[in-house]
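Engineer: Just dropping this structure here.
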Amino acid sequence: MATDTTRRGRGRPRSTGNVVYDRCGRQVAKTRVTWPDGRICGICYTNATRTYGTCDECGQARLLPGRDGQRSLCRGCAEITTALDCTRCGREGERYRAGICARCALRDDLADLLTPSDAPPLPAAVKLIEALCSAGRPESIHTWKRNPVVRQALVDIGSGAITLDHDSFDAAHLGRAGAHLRELLIQHGLLPPRDPDLALFEAWLDTRLNQIDDPAVRKPIERFATWHHLERVRHKVRRGEPVAGATRTAKQEITVVGGFLNWLLSNKHRTISSCMQADVDEWLSTGPTTRTAIRTFTVWAGNNKVGPKLMVEHRQARSTRFLTNEERIHWLRTCLVEDPDTLGYRVAGVLLLLYAQPLVRVVRLTCPDVIDTGGELQVRLGKDPAPVPEPFAALVRMHLEHRPNMQTVNSSGNRGLFPGGLAGRHIAANTVMLRLRRLGIDLLGARNSSLR
């Protein structure tokens with residue numbers, strides 16, 4: 001039999017059929033269950049077994065799988081006889097495995113991974129199990145722990161092969177799969193806090209310096225990177241300021257300086273201590289404008305007696321982008337009515353278009369930064385809160401009620417206005433930038449127009 005090699009999308013293909021289901025009207029091939037209001041497909045069954053509230057018939061706060069027109073009913077009032085009680089904890093909901101709910105099954109799985117066969121579980125393992133089992137949607141943790149890297153990391157934590165310190169996690173080389181686990185441990189106090197951008201910059205700097213063999217090139221770069229950039233980034237971290245932009249700038253400047261010092265040694269047989277202004281001018285005039293990034297280094301070298309006083313002009317932008325007033329109004333209108341799946345990104349876009357806030361600052365806003373007095377909504381962008389006019393205030397309120405990524409362990413204590421995929425972290429500014437650019441918004445032009 002021939003094998004179909006056609007490339008498919010992720011996951012199983014959606015099933016199709018000619019049976020029209022009573023609750024949703026979909027055409028699906030397989031009936032999941034039949035209830036008094038008709039045949040129920042798999043999607044409707046999952047939604048029904050995760051819907052809780054007050055029954056419109058008896059007034060009890062329970063699982064509401066039943067429907068009677070627009071009314072939501074509990075099992076008793078809807079006369080549903082399907083077994084929807086966990087045989088262990090008694091919670092109403094879909095049974096995940098062997099009569100128990102997803103949360104109880106998750107607790108069993110984690111205990112198997114984190115508990116050594118010949119010893120009681122470590123205190124850290126017990127806390128980690130409780131943290132993971134507190135997720136609003138435990139099914140997401142089941143999916144996450146299927147990753148073999150994550151499973152092995154959990155086993156190593158349970159056995160003590162990975163100790164709860166950052167050096168041990170770094171040595172384990174867990175990569176992206178372990179990033180969520182690390183942030184989760186930080187969020188629950190099992191690992192000390194550390195700024196991820198600073199940690200990545202320190203690792204990058206070590207790798208970069210180890211690639212330089214000539215001491216005449218390495219020594220000035222190491223001093224410049226350590227005493228100017230690294231110290232500056234650490235100071236910003238101590239003050240609680242974002243450092244993603246500062247580390248990107250530092251990487252670019254260090255890389256360009258390395259190219260300059262290598263060129264200087266290879267072509268002029270000089271180091272920074274003997275460099276001449278003519279050397280700098282020739283370097284700048286024979287390459288791209290990004291070479292002006294050596295300016296910070298030349299100023300630092302002159303001030304610290306590493307080299308002579310050298311002149312490098314500031315790089316000047318050839319043009320400044322702006323949006324017309326009509327374009328700005330168009331994008332504000334788009335942010336109000338675009339696809340609901342983009343709600344969080346559209347709120348970020350409104351804050352950019354109305355208040356000229358850079359997205360690196362927008363993504364760091366917290367829920368307490370949004371102040372609802374009942375009659376007016378305000379957002380704290382600086383010393384004094386700024387009023388949010390309607391209809392944008394309604395958009396922000398809707399986002400507050402439906403913040404994304406809140407059904408995993410992120411839901412525990414995450415006050416971010418824009419929660420990210422990692423526990424306790426906000427969404428990355430670059431993610432928002434890319435999404436808004438896909439909508440068509442010129443981010444720099446939007447900010448310049450708002451400032452003007």
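Each chain in the structure tokens gets a letter, A, B and so on, in the order shown; residues start at 1 in every chain, and ligands are counted from 1 in the order they appear.
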According to DSSP computed on the backbone, where in range 218-408 of chain A is there strand (DSSP E)? Give the residues as a count of residues only.

Structural biologist: 9

Engineer: Give me, as a JSON list (two decimals) with C-alpha atoms, in the first residue's frame, all polymer residues having an atom no more than 9 Å from Pro220 in chain A, counting only C-alpha atoms and skipping those fewer than 6 positions away in the same chain.

Structural biologist:
[["chain", "number", "residue", "atom", "x", "y", "z"],
["A", 272, "ILE", "CA", 43.95, 50.95, 20.44],
["A", 301, "ALA", "CA", 39.01, 54.41, 25.90],
["A", 306, "VAL", "CA", 43.22, 53.00, 27.30]]

Engineer: When you look at range 357-361 of chain A with a cut-off of 6 Å (counting only C-alpha atoms), what residues show up, excluding the ones that are within fewer than 3 positions of it in the same chain? I need them as an NGL selection string.

Structural biologist: :A and (352 or 364 or 429)

Engineer: Residues of range 245-295 of chain A that approach range 222-230 of chain A to 10 Å or less, counting only C-alpha atoms: could you list each one with the shortest pair of atoms and its distance in Å to one decimal, rows by chain and increasing residue number, as a tab-separated table?

Structural biologist:
residue	atom	partner	partner_atom	distance
A:Ala246	CA	A:His229	CA	8.2
A:Thr247	CA	A:His229	CA	8.0
A:Thr249	CA	A:His229	CA	9.1
A:Ala250	CA	A:His229	CA	6.0
A:Lys251	CA	A:Ala225	CA	9.0
A:Glu253	CA	A:Ala225	CA	9.1
A:Ile254	CA	A:Ala225	CA	6.8
A:Val257	CA	A:Phe224	CA	9.6

Engineer: With N, CA and C atoms kept, could you save the residues just selected as a PDB file, in the first residue's frame?

Structural biologist:
ATOM      1  N   ALA A 246      19.223  47.416  26.341  1.00  0.00           N
ATOM      2  CA  ALA A 246      20.614  47.707  26.697  1.00  0.00           C
ATOM      3  C   ALA A 246      21.536  46.555  26.310  1.00  0.00           C
ATOM      4  N   THR A 247      21.094  45.324  26.484  1.00  0.00           N
ATOM      5  CA  THR A 247      21.951  44.182  26.121  1.00  0.00           C
ATOM      6  C   THR A 247      22.088  44.058  24.613  1.00  0.00           C
ATOM      7  N   THR A 249      22.072  46.594  22.483  1.00  0.00           N
ATOM      8  CA  THR A 249      23.023  47.643  22.112  1.00  0.00           C
ATOM      9  C   THR A 249      24.448  47.231  22.470  1.00  0.00           C
ATOM     10  N   ALA A 250      24.616  46.648  23.654  1.00  0.00           N
ATOM     11  CA  ALA A 250      25.944  46.225  24.093  1.00  0.00           C
ATOM     12  C   ALA A 250      26.516  45.170  23.152  1.00  0.00           C
ATOM     13  N   LYS A 251      25.711  44.199  22.750  1.00  0.00           N
ATOM     14  CA  LYS A 251      26.196  43.159  21.843  1.00  0.00           C
ATOM     15  C   LYS A 251      26.652  43.753  20.513  1.00  0.00           C
ATOM     16  N   GLU A 253      27.669  46.871  19.902  1.00  0.00           N
ATOM     17  CA  GLU A 253      28.881  47.677  20.057  1.00  0.00           C
ATOM     18  C   GLU A 253      30.113  46.802  20.275  1.00  0.00           C
ATOM     19  N   ILE A 254      29.985  45.771  21.083  1.00  0.00           N
ATOM     20  CA  ILE A 254      31.119  44.878  21.338  1.00  0.00           C
ATOM     21  C   ILE A 254      31.541  44.168  20.056  1.00  0.00           C
ATOM     22  N   VAL A 257      33.253  46.754  17.760  1.00  0.00           N
ATOM     23  CA  VAL A 257      34.577  47.085  18.300  1.00  0.00           C
ATOM     24  C   VAL A 257      35.566  45.956  18.009  1.00  0.00           C
TER      25      VAL A 257
END

Engineer: If I take CA of His180 in chain A and CA of Lys236 in chain A, how far is one from the other in Å, to one decimal?

Structural biologist: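 Those two atoms sit 24.1 Å apart.
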
Engineer: What parts of range 167-355 of chain A does DSSP call alpha helix (DSSP H)? I'd like the answer as a PyMOL selection string.

Structural biologist: chain A and resi 167-172+175-187+196-210+215-224+231-238+244-268+277-285+295-303+325-337+343-355

Engineer: Could you name the residues that touch Ala111 in chain A at 10 Å or less, counting only C-alpha atoms, but leaving out those on the same chain fewer than 6 positions away, as a list in words?

Structural biologist: Ala105, Pro121, Ala125, Val126, Ile129, Leu154, Val155 and Gly158 of chain A

Engineer: Using the selection just defined, write its residues with N, CA, C and O atoms as a CSV table (one decimal), in the first residue's frame.

Structural biologist:
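Saved the output as result-v9.csv:
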chain,number,residue,atom,x,y,z
A,105,ALA,N,-4.7,13.0,38.1
A,105,ALA,CA,-3.8,12.2,37.3
A,105,ALA,C,-2.5,12.9,37.2
A,105,ALA,O,-1.4,12.2,37.2
A,121,PRO,N,10.4,11.8,49.0
A,121,PRO,CA,10.6,12.9,48.1
A,121,PRO,C,11.3,14.1,48.8
A,121,PRO,O,11.1,14.3,50.0
A,125,ALA,N,10.8,18.9,45.7
A,125,ALA,CA,10.0,18.2,44.8
A,125,ALA,C,8.5,18.3,45.2
A,125,ALA,O,7.6,18.4,44.4
A,126,VAL,N,8.3,18.2,46.5
A,126,VAL,CA,6.9,18.3,47.0
A,126,VAL,C,6.3,19.7,46.7
A,126,VAL,O,5.2,19.8,46.2
A,129,ILE,N,5.5,19.8,42.9
A,129,ILE,CA,4.3,19.1,42.6
A,129,ILE,C,3.1,20.0,42.9
A,129,ILE,O,2.1,20.1,42.1
A,154,LEU,N,12.7,16.8,35.4
A,154,LEU,CA,11.9,16.5,36.6
A,154,LEU,C,12.5,15.3,37.4
A,154,LEU,O,12.6,15.3,38.6
A,155,VAL,N,12.9,14.3,36.7
A,155,VAL,CA,13.5,13.1,37.3
A,155,VAL,C,14.8,13.5,38.0
A,155,VAL,O,15.1,13.1,39.2
A,158,GLY,N,14.1,15.4,41.2
A,158,GLY,CA,13.6,14.5,42.2
A,158,GLY,C,14.8,13.7,42.8
A,158,GLY,O,14.8,13.4,44.1

Engineer: Quick one, how far is CA of Ala98 in chain A from CA of Gln152 in chain A?

Structural biologist: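 Interatomic distance, CA of Ala98 in chain A to CA of Gln152 in chain A: 25.2 Å.
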